[in-house]
$ cat my_file_6.txt   # compact mmCIF, C-alpha atoms
# COMPACT_ATOMS: atom_id res chain seq x y z
CA MET B 41 -54.75 -23.21 27.19
CA HIS B 42 -53.73 -21.08 24.23
CA ALA B 43 -50.62 -18.94 24.00
CA LYS B 44 -51.21 -15.26 23.30
CA GLN B 45 -51.31 -15.05 19.53
CA SER B 46 -49.03 -12.59 17.80
CA PRO B 47 -50.39 -11.16 14.53
CA ALA B 48 -48.07 -13.37 12.52
CA ALA B 49 -48.80 -16.69 14.31
CA PRO B 50 -49.82 -19.49 11.95
CA ALA B 51 -51.41 -22.89 12.85
CA ARG B 52 -50.24 -25.01 15.79
CA GLY B 53 -48.58 -28.36 16.07
CA ALA B 54 -45.68 -28.90 13.69
CA HIS B 55 -45.85 -25.23 12.67
CA LYS B 56 -45.07 -23.84 16.13
CA TYR B 57 -41.38 -23.78 15.28
CA GLN B 58 -42.25 -21.63 12.24
CA ALA B 59 -44.32 -19.30 14.41
CA VAL B 60 -41.42 -18.71 16.78
CA ARG B 61 -39.02 -18.22 13.91
CA ALA B 62 -41.33 -15.82 12.06
CA TYR B 63 -41.90 -13.84 15.23
CA LEU B 64 -38.17 -13.45 15.85
CA VAL B 65 -37.54 -12.46 12.24
CA GLY B 66 -40.28 -9.83 12.55
CA LEU B 67 -38.70 -8.47 15.74
CA VAL B 68 -35.29 -8.24 14.10
CA GLU B 69 -36.67 -6.51 11.02
CA ARG B 70 -39.04 -4.08 12.73
CA GLU B 71 -38.24 -3.53 16.37
CA LEU B 72 -34.76 -4.56 17.42
CA HIS B 73 -31.41 -3.09 16.47
CA VAL B 74 -28.04 -4.73 15.95
CA GLY B 75 -26.77 -5.87 19.33
CA ASP B 76 -30.18 -5.94 21.07
CA ALA B 77 -31.04 -9.09 23.00
CA ILE B 78 -33.95 -11.22 21.83
CA PRO B 79 -36.67 -12.23 24.36
CA SER B 80 -35.57 -14.94 26.77
CA GLU B 81 -36.20 -18.62 25.97
CA ARG B 82 -38.67 -18.76 28.85
CA ALA B 83 -40.65 -15.77 27.56
CA LEU B 84 -40.83 -17.34 24.08
CA CYS B 85 -41.92 -20.71 25.51
CA VAL B 86 -44.76 -19.01 27.38
CA ARG B 87 -45.78 -16.76 24.50
CA PHE B 88 -46.11 -19.62 22.00
CA GLY B 89 -46.92 -22.48 24.38
CA VAL B 90 -43.97 -24.52 23.10
CA SER B 91 -41.13 -26.48 24.64
CA ARG B 92 -37.65 -25.04 25.18
CA MET B 93 -36.43 -27.39 22.47
CA THR B 94 -38.76 -25.84 19.91
CA VAL B 95 -37.57 -22.35 20.85
CA ARG B 96 -33.96 -23.46 20.61
CA GLN B 97 -34.53 -24.95 17.18
CA ALA B 98 -35.97 -21.69 15.91
CA VAL B 99 -33.11 -19.69 17.43
CA ASP B 100 -30.52 -22.17 16.10
CA ALA B 101 -31.95 -21.76 12.61
CA LEU B 102 -31.62 -17.99 12.80
CA VAL B 103 -28.09 -18.22 14.22
CA GLY B 104 -27.21 -20.47 11.29
CA GLU B 105 -28.62 -17.91 8.89
CA GLY B 106 -26.60 -15.13 10.47
CA VAL B 107 -29.65 -13.22 11.70
CA LEU B 108 -28.86 -13.84 15.38
CA VAL B 109 -25.61 -14.41 17.21
CA ARG B 110 -25.12 -16.31 20.45
CA GLU B 111 -22.61 -14.94 22.92
CA GLN B 112 -21.32 -17.42 25.46
CA GLY B 113 -22.76 -16.64 28.89
CA ARG B 114 -24.49 -13.48 27.75
CA GLY B 115 -27.41 -14.53 25.58
CA THR B 116 -28.60 -14.23 22.01
CA PHE B 117 -28.49 -10.97 20.13
CA VAL B 118 -29.34 -9.45 16.78
CA ALA B 119 -26.32 -10.04 14.54
CA PRO B 120 -24.71 -7.31 12.46
CA ARG B 121 -26.40 -7.32 9.06
CA ARG B 122 -24.77 -8.68 5.96
CA MET B 123 -24.67 -6.13 3.25
CA ASP B 124 -25.68 -7.51 -0.06
CA PHE B 125 -24.08 -5.67 -2.85
CA GLU B 126 -25.43 -6.22 -6.29
CA MET B 127 -23.07 -6.13 -9.20
CA ARG B 128 -23.21 -2.45 -9.99
CA LEU B 129 -20.37 -0.13 -10.84
CA THR B 130 -20.46 1.65 -7.51
CA THR B 131 -17.80 2.23 -4.92
CA PHE B 132 -17.52 1.33 -1.27
CA GLY B 133 -18.16 4.92 -0.22
CA GLU B 134 -21.32 5.16 -2.34
CA GLU B 135 -22.64 1.87 -1.02
CA MET B 136 -22.05 2.78 2.64
CA ARG B 137 -23.68 6.19 2.35
CA ARG B 138 -26.66 4.56 0.64
CA ARG B 139 -27.02 2.36 3.72
CA GLY B 140 -26.73 5.32 6.07
CA MET B 141 -23.30 4.24 7.27
CA ARG B 142 -20.20 6.36 7.70
CA PRO B 143 -17.38 5.31 5.33
CA GLU B 144 -13.76 5.85 6.37
CA THR B 145 -10.42 5.00 4.87
CA ARG B 146 -6.96 4.20 6.17
CA VAL B 147 -4.25 4.28 3.51
CA LEU B 148 -1.74 1.47 3.87
CA GLY B 149 0.46 2.35 0.95
CA MET B 150 0.69 4.51 -2.14
CA GLY B 151 3.23 4.85 -4.93
CA THR B 152 4.36 3.86 -8.39
CA VAL B 153 4.96 0.21 -9.25
CA PRO B 154 5.87 -1.68 -12.42
CA ALA B 155 2.86 -3.50 -13.89
CA SER B 156 2.64 -7.20 -13.09
CA ALA B 157 1.63 -9.48 -15.96
CA GLU B 158 -1.88 -9.64 -14.54
CA ALA B 159 -2.25 -5.88 -14.07
CA ALA B 160 -0.74 -5.22 -17.50
CA ASP B 161 -3.22 -7.58 -19.11
CA ALA B 162 -6.14 -6.01 -17.24
CA LEU B 163 -5.12 -2.45 -18.15
CA GLY B 164 -4.08 -3.17 -21.73
CA THR B 165 -0.49 -2.09 -21.13
CA GLU B 166 2.94 -3.73 -21.09
CA PRO B 167 4.30 -5.73 -18.14
CA GLY B 168 6.65 -3.40 -16.27
CA ALA B 169 4.86 -0.22 -17.34
CA PRO B 170 4.59 2.27 -14.44
CA LEU B 171 1.31 2.16 -12.56
CA HIS B 172 -0.07 4.24 -9.71
CA HIS B 173 -0.82 1.92 -6.80
CA LEU B 174 -3.02 2.56 -3.77
CA ARG B 175 -3.77 0.18 -0.92
CA ARG B 176 -6.26 1.00 1.81
CA VAL B 177 -8.58 -0.39 4.47
CA ARG B 178 -12.25 0.66 4.24
CA TYR B 179 -14.36 1.08 7.37
CA ALA B 180 -18.10 1.45 7.89
CA ASP B 181 -19.16 3.10 11.15
CA GLY B 182 -15.69 2.44 12.53
CA SER B 183 -15.51 -1.30 11.70
CA PRO B 184 -13.08 -2.59 9.06
CA MET B 185 -14.97 -4.01 6.08
CA SER B 186 -12.53 -4.51 3.26
CA ILE B 187 -8.99 -4.09 2.01
CA GLU B 188 -8.69 -2.57 -1.46
CA GLN B 189 -5.87 -2.20 -3.96
CA HIS B 190 -6.14 -0.14 -7.13
CA TRP B 191 -3.82 0.25 -10.10
CA VAL B 192 -4.08 3.00 -12.71
CA ALA B 193 -1.60 3.53 -15.54
CA VAL B 194 0.64 6.55 -14.94
CA ASP B 195 0.37 7.34 -18.66
CA LEU B 196 -3.41 7.50 -18.36
CA VAL B 197 -3.61 9.78 -15.30
CA PRO B 198 -0.16 11.22 -14.61
CA GLY B 199 -1.16 13.34 -11.61
CA LEU B 200 -3.50 10.84 -9.90
CA LEU B 201 -1.55 10.69 -6.63
CA ALA B 202 0.14 14.09 -6.87
CA ALA B 203 -2.05 15.63 -4.16
CA GLY B 204 -1.93 12.57 -1.96
CA PRO B 205 -4.35 9.62 -1.84
CA PRO B 206 -7.60 10.57 -3.59
CA PRO B 207 -10.66 10.16 -1.33
CA SER B 208 -12.52 8.63 -4.26
CA MET B 209 -10.87 6.84 -7.18
CA HIS B 210 -13.99 7.23 -9.31
CA ASP B 211 -14.05 11.00 -8.68
CA ALA B 212 -10.34 11.19 -9.52
CA LEU B 213 -11.05 9.49 -12.86
CA ARG B 214 -14.05 11.73 -13.54
CA ALA B 215 -11.88 14.78 -12.85
CA VAL B 216 -9.77 13.92 -15.90
CA GLY B 217 -12.67 13.02 -18.15
CA LEU B 218 -12.41 9.27 -17.61
CA ASP B 219 -15.86 8.67 -16.08
CA PRO B 220 -16.17 4.99 -15.18
CA SER B 221 -18.93 3.61 -17.39
CA TRP B 222 -18.75 -0.18 -17.12
CA GLY B 223 -16.70 -3.01 -15.73
CA GLU B 224 -16.28 -6.66 -14.97
CA GLU B 225 -15.70 -8.26 -11.62
CA THR B 226 -14.81 -11.79 -10.58
CA LEU B 227 -15.58 -13.01 -7.05
CA THR B 228 -13.73 -15.82 -5.34
CA ALA B 229 -14.20 -17.41 -1.94
CA ALA B 230 -10.97 -17.52 0.04
CA GLU B 231 -9.35 -17.51 3.45
CA ALA B 232 -7.75 -14.32 4.72
CA THR B 233 -3.98 -14.25 5.13
CA ASP B 234 -2.67 -13.46 8.62
CA GLU B 235 -2.10 -9.86 7.58
CA GLU B 236 -5.60 -9.50 6.14
CA ALA B 237 -7.17 -11.11 9.21
CA ALA B 238 -5.37 -8.59 11.41
CA LEU B 239 -6.33 -5.61 9.24
CA LEU B 240 -9.96 -6.72 9.09
CA ASP B 241 -10.04 -7.62 12.78
CA LEU B 242 -11.41 -11.06 11.95
CA ARG B 243 -12.32 -13.32 14.85
CA GLY B 244 -13.41 -16.89 14.39
CA THR B 245 -14.06 -17.15 10.70
CA ARG B 246 -11.32 -16.29 8.17
CA ALA B 247 -13.69 -16.48 5.23
CA VAL B 248 -13.33 -13.60 2.79
CA LEU B 249 -14.62 -12.75 -0.64
CA ARG B 250 -11.95 -11.64 -3.10
CA ALA B 251 -13.09 -9.36 -5.87
CA THR B 252 -10.98 -8.58 -8.91
CA ARG B 253 -12.36 -5.74 -10.98
CA ARG B 254 -11.57 -4.02 -14.28
CA THR B 255 -13.16 -0.59 -14.49
CA PHE B 256 -13.59 0.89 -17.97
CA SER B 257 -14.09 4.51 -19.00
CA ALA B 258 -15.45 5.30 -22.45
CA GLN B 259 -13.72 2.62 -24.46
CA ALA B 260 -10.59 1.74 -22.49
CA PRO B 261 -9.67 0.04 -19.21
CA ALA B 262 -8.96 2.70 -16.58
CA MET B 263 -8.47 0.90 -13.31
CA TYR B 264 -7.62 -2.57 -12.07
CA SER B 265 -8.68 -3.39 -8.51
CA ASN B 266 -8.30 -6.21 -6.04
CA ALA B 267 -10.45 -6.22 -2.93
CA CYS B 268 -10.86 -8.50 0.03
CA TYR B 269 -14.24 -8.32 1.78
CA ARG B 270 -15.13 -9.79 5.19
CA GLY B 271 -17.04 -13.00 4.59
CA ASP B 272 -19.29 -12.46 7.59
CA ARG B 273 -20.59 -9.08 6.48
CA TYR B 274 -20.96 -9.35 2.73
CA SER B 275 -23.13 -11.22 0.34
CA VAL B 276 -23.74 -10.69 -3.33
CA TRP B 277 -27.10 -10.32 -4.95
CA VAL B 278 -27.16 -11.45 -8.54
CA PRO B 279 -30.26 -10.98 -10.71
CA LEU B 280 -30.79 -13.89 -13.09
CA SER B 281 -32.72 -13.99 -16.29
CA ALA B 282 -33.19 -16.68 -18.88
CA PRO B 283 -30.70 -16.20 -21.71
CA ALA B 284 -32.13 -14.94 -24.98
CA PRO B 285 -31.96 -17.43 -27.84
CA ALA B 286 -28.40 -17.58 -29.17
CA LEU B 287 -27.60 -16.42 -32.70
CA VAL B 288 -27.12 -19.37 -35.02
CA PRO B 289 -25.70 -19.01 -38.55
CA ARG B 290 -28.52 -19.20 -41.07
CA LEU B 291 -26.34 -21.43 -43.24
CA ARG B 292 -26.37 -23.99 -40.44
CA GLU B 293 -30.18 -24.01 -40.43
CA ARG B 294 -30.25 -24.78 -44.14
CA ASP B 295 -27.74 -27.60 -43.65
CA ASP B 296 -29.97 -29.03 -40.90
CA GLU B 297 -32.96 -28.94 -43.26
CA ARG B 298 -31.01 -30.86 -45.89
CA VAL B 299 -29.97 -33.43 -43.29
CA GLU B 300 -33.59 -33.84 -42.19
CA GLN B 301 -34.68 -34.28 -45.81
CA ARG B 302 -32.02 -36.95 -46.35
CA GLU B 303 -33.08 -38.78 -43.22
CA ALA B 304 -36.74 -38.67 -44.24
CA VAL B 305 -35.89 -40.10 -47.69
CA GLY B 306 -33.72 -42.78 -46.11
CA ALA B 307 -36.52 -43.79 -43.73
CA ALA B 308 -39.03 -43.99 -46.57
CA LEU B 309 -36.69 -46.23 -48.55
CA GLU B 310 -36.21 -48.50 -45.55
CA ASP B 311 -40.00 -48.82 -45.07
CA GLY B 312 -40.26 -49.73 -48.71
CA ARG B 313 -37.70 -52.54 -48.29
CA THR B 314 -39.19 -54.04 -45.15
CA GLY B 315 -42.84 -53.35 -45.98
CA MET A 64 -26.77 -1.04 -39.16
CA SER A 65 -23.98 1.58 -39.16
CA THR A 66 -20.89 1.02 -41.28
CA GLN A 67 -18.78 1.13 -38.13
CA GLY A 68 -20.95 -1.48 -36.47
CA ALA A 69 -20.85 -3.63 -39.58
CA GLY A 70 -17.04 -3.29 -39.68
CA GLN A 71 -16.61 -4.43 -36.11
CA ALA A 72 -19.09 -7.27 -36.51
CA ALA A 73 -17.30 -8.52 -39.62
CA ALA A 74 -13.92 -8.31 -37.90
CA ILE A 75 -15.19 -10.26 -34.91
CA LEU A 76 -16.69 -12.98 -37.06
CA ALA A 77 -13.37 -13.27 -38.88
CA GLY A 78 -11.53 -13.41 -35.54
CA LEU A 79 -13.79 -16.26 -34.44
CA GLY A 80 -12.73 -18.25 -37.48
CA GLY A 81 -15.52 -17.21 -39.82
CA VAL A 82 -19.26 -17.88 -39.83
CA GLY A 83 -18.55 -21.49 -40.77
CA ASN A 84 -16.66 -21.98 -37.50
CA ILE A 85 -19.52 -20.75 -35.33
CA ASP A 86 -22.18 -22.90 -33.74
CA GLU A 87 -23.76 -20.04 -31.85
CA ILE A 88 -23.13 -16.55 -30.43
CA GLU A 89 -24.84 -14.96 -27.45
CA PRO A 90 -24.51 -11.40 -26.13
CA CYS A 91 -24.05 -11.39 -22.32
CA THR A 92 -24.11 -7.88 -20.83
CA THR A 93 -20.39 -7.12 -21.42
CA ARG A 94 -19.28 -10.15 -23.44
CA LEU A 95 -19.99 -12.19 -26.48
CA ARG A 96 -20.13 -15.84 -25.61
CA SER A 97 -19.75 -18.18 -28.52
CA LEU A 98 -19.54 -21.88 -29.16
CA VAL A 99 -17.15 -22.63 -32.03
CA LYS A 100 -16.46 -25.78 -33.98
CA GLU A 101 -12.70 -25.46 -34.03
CA PRO A 102 -11.04 -23.38 -31.24
CA SER A 103 -7.71 -23.40 -33.10
CA ARG A 104 -9.26 -21.20 -35.79
CA VAL A 105 -9.91 -18.42 -33.25
CA ASP A 106 -7.48 -15.49 -33.64
CA ALA A 107 -7.24 -13.64 -30.31
CA ALA A 108 -4.98 -10.92 -31.74
CA ALA A 109 -7.51 -10.23 -34.50
CA LEU A 110 -10.29 -10.07 -31.92
CA ARG A 111 -8.32 -7.55 -29.86
CA ALA A 112 -7.70 -5.51 -32.99
CA ALA A 113 -11.46 -5.59 -33.53
CA GLY A 114 -11.98 -3.99 -30.11
CA ALA A 115 -11.98 -6.90 -27.67
CA PHE A 116 -10.54 -6.18 -24.21
CA GLY A 117 -10.05 -9.82 -23.48
CA VAL A 118 -10.44 -13.23 -25.11
CA MET A 119 -10.97 -16.40 -23.07
CA VAL A 120 -11.04 -19.81 -24.67
CA SER A 121 -12.15 -22.88 -22.73
CA GLY A 122 -12.72 -25.92 -24.87
CA ARG A 123 -15.12 -24.81 -27.60
CA VAL A 124 -16.43 -21.88 -25.56
CA VAL A 125 -14.96 -18.53 -26.52
CA GLN A 126 -15.72 -15.39 -24.51
CA VAL A 127 -14.89 -11.99 -25.96
CA VAL A 128 -14.97 -8.94 -23.66
CA ILE A 129 -16.52 -6.05 -25.60
CA GLY A 130 -18.47 -3.88 -23.18
CA PRO A 131 -22.11 -2.85 -22.99
CA SER A 132 -22.31 -2.38 -26.76
CA VAL A 133 -22.65 -6.15 -27.20
CA ASP A 134 -26.39 -5.92 -27.65
CA THR A 135 -26.18 -3.63 -30.69
CA LEU A 136 -23.18 -5.62 -31.89
CA ALA A 137 -25.29 -8.78 -31.69
CA SER A 138 -27.86 -7.39 -34.14
CA ASP A 139 -25.00 -6.41 -36.49
CA LEU A 140 -23.64 -9.95 -36.20
CA GLU A 141 -27.04 -11.47 -36.87
CA ASP A 142 -27.24 -9.57 -40.17
CA LEU A 143 -23.95 -11.15 -41.26
CA MET A 144 -24.73 -14.65 -40.14
$ encode --input "my_file_6.txt" --output "structure tokens"
Amino acid sequence: MHAKQSPAAPARGAHKYQAVRAYLVGLVERELHVGDAIPSERALCVRFGVSRMTVRQAVDALVGEGVLVREQGRGTFVAPRRMDFEMRLTTFGEEMRRRGMRPETRVLGMGTVPASAEAADALGTEPGAPLHHLRRVRYADGSPMSIEQHWVAVDLVPGLLAAGPPPSMHDALRAVGLDPSWGEETLTAAEATDEEAALLDLRGTRAVLRATRRTFSAQAPAMYSNACYRGDRYSVWVPLSAPAPALVPRLRERDDERVEQREAVGAALEDGRTG
Amino acid sequence: MSTQGAGQAAAILAGLGGVGNIDEIEPCTTRLRSLVKEPSRVDAAALRAAGAFGVMVSGRVVQVVIGPSVDTLASDLEDLM
């Protein structure tokens, strides 16, 4: 007796687990929404003609990958998607709108602070120099996603916070002719502090991704930022390419040739002695 | 190569301890990564004066934060090496 074949079903036997998994992935990608229940174990067993254990293995794999989430006593559901942000000079607001999500902000604090050694170094100013400081929680569709802090030298943009917290730091920089043009960011895995866990409404996992960023405009550092992203909703996509050949001093190449010549002469002499 | 580009390239090579101190240099999106023979001959202040926004030394690996102009800077450097 054959199970009703779905369009994506591959061969039987050891590949049945793959068939169940592929089917579920297809459902999640094309038919179900976040929070929808997947078909029952029994329905999957019947559909693919497999044991409960095979179905559970496929579901376990997808739970492990973060595609599905099991809720005690309620069933298995489509998990909220991780957002993969590639390393581009974009802002939280831009990224959320691109994904069709509604960005919101709650300002935790705003003011002028003396530059720490780290901030001074990042902004190319002196430790203790006055910096504008803004700290806020970012939400997407009502859920907290990240906590951000930004520092901008008061000398660079004196009126940055004059009209209250700017909705967009990048827009505020553009408004004074300091369009962000490039940057560098360092990501670090970490555990949220108690305060961060509360602000981000973290349950279960405390894993977060810390991102330290220097944003440059034209030819000077304009903003230093520190962000803390929920580990369960973020991943980073990094394109890789083979490095181009490094530049080597030509002088070095000539030296290498001379060394090779010496070695060749030495070898010839040795052959002569032993030959 | 522009005179300005040549000037910066020369200043960076000097800051790295001279061509004789360099094993290799590689442009990496926003940085120059180089492998030097003698890290003590690297002059971070000179590199900053040449337009570097940061200098990191780890063993013989020296990273110099320049910005997206590293690719054109690399061809200027190549001419001087």
$ closest_residue --input "my_file_6.txt" --among "B:Ser208, B:Ser275, B:Ser183, B:Thr255" --to "chain A" --atoms "only C-alpha atoms"
B:Thr255
$ atom_distance --input "my_file_6.txt" --atom1 "atom CA of Glu224 of chain B" --atom2 "atom CA of Arg146 of chain B"
25.5 Å
$ interface_residues --input "my_file_6.txt" --of "chain B" --to "chain A" --cutoff "12 Å" --atoms "all atoms listed in the file" --output "PyMOL selection string"
chain B and resi 127+160-165+221-225+254-262+280-293+295
$ atom_distance --input "my_file_6.txt" --atom1 "atom CA of Gln58 of chain B" --atom2 "atom CA of Leu72 of chain B"
19.3 Å
$ axis_aligned_box --input "my_file_6.txt" --around "segment 124-132 of chain A" --padding-each-side "3 Å" --output "JSON"
{"center_x": -18.6, "center_y": -12.1, "center_z": -24.9, "size_x": 13.4, "size_y": 25.5, "size_z": 9.8}
$ closest_residue --input "my_file_6.txt" --among "A:Gln126, A:Asp134, A:Leu79, A:Ala72" --to "Ala108 of chain A" --atoms "all atoms listed in the file"
A:Leu79
$ residues_around --input "my_file_6.txt" --residues "segment 104-120 of chain B" --least-positions-apart "3" --cutoff "8 Å" --atoms "only C-alpha atoms" --output "PDB file with C-alpha atoms, in the coordinates of the input"
ATOM      1  CA  VAL B  65     -37.540 -12.460  12.240  1.00  0.00           C
ATOM      2  CA  VAL B  68     -35.290  -8.240  14.100  1.00  0.00           C
ATOM      3  CA  LEU B  72     -34.760  -4.560  17.420  1.00  0.00           C
ATOM      4  CA  HIS B  73     -31.410  -3.090  16.470  1.00  0.00           C
ATOM      5  CA  VAL B  74     -28.040  -4.730  15.950  1.00  0.00           C
ATOM      6  CA  GLY B  75     -26.770  -5.870  19.330  1.00  0.00           C
ATOM      7  CA  ASP B  76     -30.180  -5.940  21.070  1.00  0.00           C
ATOM      8  CA  ALA B  77     -31.040  -9.090  23.000  1.00  0.00           C
ATOM      9  CA  ILE B  78     -33.950 -11.220  21.830  1.00  0.00           C
ATOM     10  CA  VAL B  99     -33.110 -19.690  17.430  1.00  0.00           C
ATOM     11  CA  ASP B 100     -30.520 -22.170  16.100  1.00  0.00           C
ATOM     12  CA  ALA B 101     -31.950 -21.760  12.610  1.00  0.00           C
ATOM     13  CA  ARG B 273     -20.590  -9.080   6.480  1.00  0.00           C
TER      14      ARG B 273
END
$ atom_distance --input "my_file_6.txt" --atom1 "atom CA of Pro170 of chain B" --atom2 "atom CA of Val153 of chain B"
5.6 Å
$ residues_around --input "my_file_6.txt" --residues "Ala203 of chain B" --least-positions-apart "5" --cutoff "12 Å" --atoms "all atoms listed in the file" --output "list of chain:residue names"
B:Met150, B:Pro198, B:Ala212
$ residues_around --input "my_file_6.txt" --residues "Val125 of chain A" --least-positions-apart "2" --cutoff "9 Å" --atoms "all atoms listed in the file" --output "number ranges by chain"
A: 79, 95-99, 102, 105, 118-123, 127
$ residues_around --input "my_file_6.txt" --residues "segment 243-245 of chain B" --least-positions-apart "4" --cutoff "12 Å" --atoms "only C-alpha atoms" --output "list in words"
Ala230, Glu231, Ala232, Thr233, Asp234, Glu236, Ala237, Ala238, Leu239, Arg270, Gly271, Asp272 and Arg273 of chain B
$ closest_residue --input "my_file_6.txt" --among "A:Lys100, A:Leu110, A:Val124, A:Ala115" --to "Leu76 of chain A" --atoms "all atoms listed in the file"
A:Leu110
$ residues_around --input "my_file_6.txt" --residues "segment 142-145 of chain B" --least-positions-apart "5" --cutoff "8 Å" --atoms "all atoms listed in the file" --output "JSON, numbers by chain"
{"B": [132, 133, 136, 137, 176, 177, 178, 179, 180, 181, 182]}
$ build_atoms --input "my_file_6.txt" --residues "segment 85-92 of chain B" --atoms "all heavy atoms" --output "PDB file, in the frame of the given file"
ATOM      1  N   CYS B  85     -41.195 -19.478  25.230  1.00  0.00           N
ATOM      2  CA  CYS B  85     -41.920 -20.710  25.510  1.00  0.00           C
ATOM      3  C   CYS B  85     -43.345 -20.374  25.955  1.00  0.00           C
ATOM      4  O   CYS B  85     -44.315 -20.999  25.510  1.00  0.00           O
ATOM      5  CB  CYS B  85     -41.245 -21.489  26.662  1.00  0.00           C
ATOM      6  SG  CYS B  85     -39.682 -22.216  26.198  1.00  0.00           S
ATOM      7  N   VAL B  86     -43.461 -19.400  26.851  1.00  0.00           N
ATOM      8  CA  VAL B  86     -44.760 -19.010  27.380  1.00  0.00           C
ATOM      9  C   VAL B  86     -45.632 -18.384  26.284  1.00  0.00           C
ATOM     10  O   VAL B  86     -46.793 -18.722  26.102  1.00  0.00           O
ATOM     11  CB  VAL B  86     -44.588 -18.015  28.556  1.00  0.00           C
ATOM     12  CG1 VAL B  86     -45.889 -17.332  28.913  1.00  0.00           C
ATOM     13  CG2 VAL B  86     -43.989 -18.735  29.762  1.00  0.00           C
ATOM     14  N   ARG B  87     -45.026 -17.486  25.528  1.00  0.00           N
ATOM     15  CA  ARG B  87     -45.780 -16.760  24.500  1.00  0.00           C
ATOM     16  C   ARG B  87     -46.413 -17.685  23.464  1.00  0.00           C
ATOM     17  O   ARG B  87     -47.531 -17.497  23.014  1.00  0.00           O
ATOM     18  CB  ARG B  87     -44.858 -15.762  23.807  1.00  0.00           C
ATOM     19  CG  ARG B  87     -45.577 -14.916  22.769  1.00  0.00           C
ATOM     20  CD  ARG B  87     -44.601 -14.067  21.947  1.00  0.00           C
ATOM     21  NE  ARG B  87     -45.338 -13.228  21.039  1.00  0.00           N
ATOM     22  CZ  ARG B  87     -45.656 -11.943  21.271  1.00  0.00           C
ATOM     23  NH1 ARG B  87     -45.261 -11.373  22.393  1.00  0.00           N
ATOM     24  NH2 ARG B  87     -46.347 -11.263  20.382  1.00  0.00           N
ATOM     25  N   PHE B  88     -45.638 -18.732  23.064  1.00  0.00           N
ATOM     26  CA  PHE B  88     -46.110 -19.620  22.000  1.00  0.00           C
ATOM     27  C   PHE B  88     -46.592 -20.968  22.504  1.00  0.00           C
ATOM     28  O   PHE B  88     -47.059 -21.795  21.721  1.00  0.00           O
ATOM     29  CB  PHE B  88     -45.004 -19.816  20.952  1.00  0.00           C
ATOM     30  CG  PHE B  88     -44.746 -18.576  20.141  1.00  0.00           C
ATOM     31  CD1 PHE B  88     -43.758 -17.677  20.507  1.00  0.00           C
ATOM     32  CD2 PHE B  88     -45.535 -18.275  19.043  1.00  0.00           C
ATOM     33  CE1 PHE B  88     -43.547 -16.513  19.787  1.00  0.00           C
ATOM     34  CE2 PHE B  88     -45.331 -17.118  18.310  1.00  0.00           C
ATOM     35  CZ  PHE B  88     -44.341 -16.229  18.687  1.00  0.00           C
ATOM     36  N   GLY B  89     -46.473 -21.206  23.830  1.00  0.00           N
ATOM     37  CA  GLY B  89     -46.920 -22.480  24.380  1.00  0.00           C
ATOM     38  C   GLY B  89     -46.134 -23.637  23.794  1.00  0.00           C
ATOM     39  O   GLY B  89     -46.702 -24.664  23.443  1.00  0.00           O
ATOM     40  N   VAL B  90     -44.818 -23.466  23.674  1.00  0.00           N
ATOM     41  CA  VAL B  90     -43.970 -24.520  23.100  1.00  0.00           C
ATOM     42  C   VAL B  90     -42.884 -24.905  24.082  1.00  0.00           C
ATOM     43  O   VAL B  90     -42.657 -24.226  25.083  1.00  0.00           O
ATOM     44  CB  VAL B  90     -43.306 -24.053  21.780  1.00  0.00           C
ATOM     45  CG1 VAL B  90     -44.353 -23.736  20.734  1.00  0.00           C
ATOM     46  CG2 VAL B  90     -42.408 -22.846  22.019  1.00  0.00           C
ATOM     47  N   SER B  91     -42.212 -26.008  23.769  1.00  0.00           N
ATOM     48  CA  SER B  91     -41.130 -26.480  24.640  1.00  0.00           C
ATOM     49  C   SER B  91     -39.877 -25.637  24.401  1.00  0.00           C
ATOM     50  O   SER B  91     -39.726 -24.973  23.374  1.00  0.00           O
ATOM     51  CB  SER B  91     -40.824 -27.935  24.330  1.00  0.00           C
ATOM     52  OG  SER B  91     -40.242 -28.020  23.040  1.00  0.00           O
ATOM     53  N   ARG B  92     -38.942 -25.713  25.330  1.00  0.00           N
ATOM     54  CA  ARG B  92     -37.650 -25.040  25.180  1.00  0.00           C
ATOM     55  C   ARG B  92     -36.940 -25.514  23.924  1.00  0.00           C
ATOM     56  O   ARG B  92     -36.253 -24.749  23.265  1.00  0.00           O
ATOM     57  CB  ARG B  92     -36.767 -25.338  26.399  1.00  0.00           C
ATOM     58  CG  ARG B  92     -36.890 -24.333  27.500  1.00  0.00           C
ATOM     59  CD  ARG B  92     -35.696 -24.434  28.448  1.00  0.00           C
ATOM     60  NE  ARG B  92     -35.182 -23.134  28.760  1.00  0.00           N
ATOM     61  CZ  ARG B  92     -35.655 -22.351  29.745  1.00  0.00           C
ATOM     62  NH1 ARG B  92     -36.653 -22.771  30.495  1.00  0.00           N
ATOM     63  NH2 ARG B  92     -35.142 -21.162  29.963  1.00  0.00           N
TER      64      ARG B  92
END
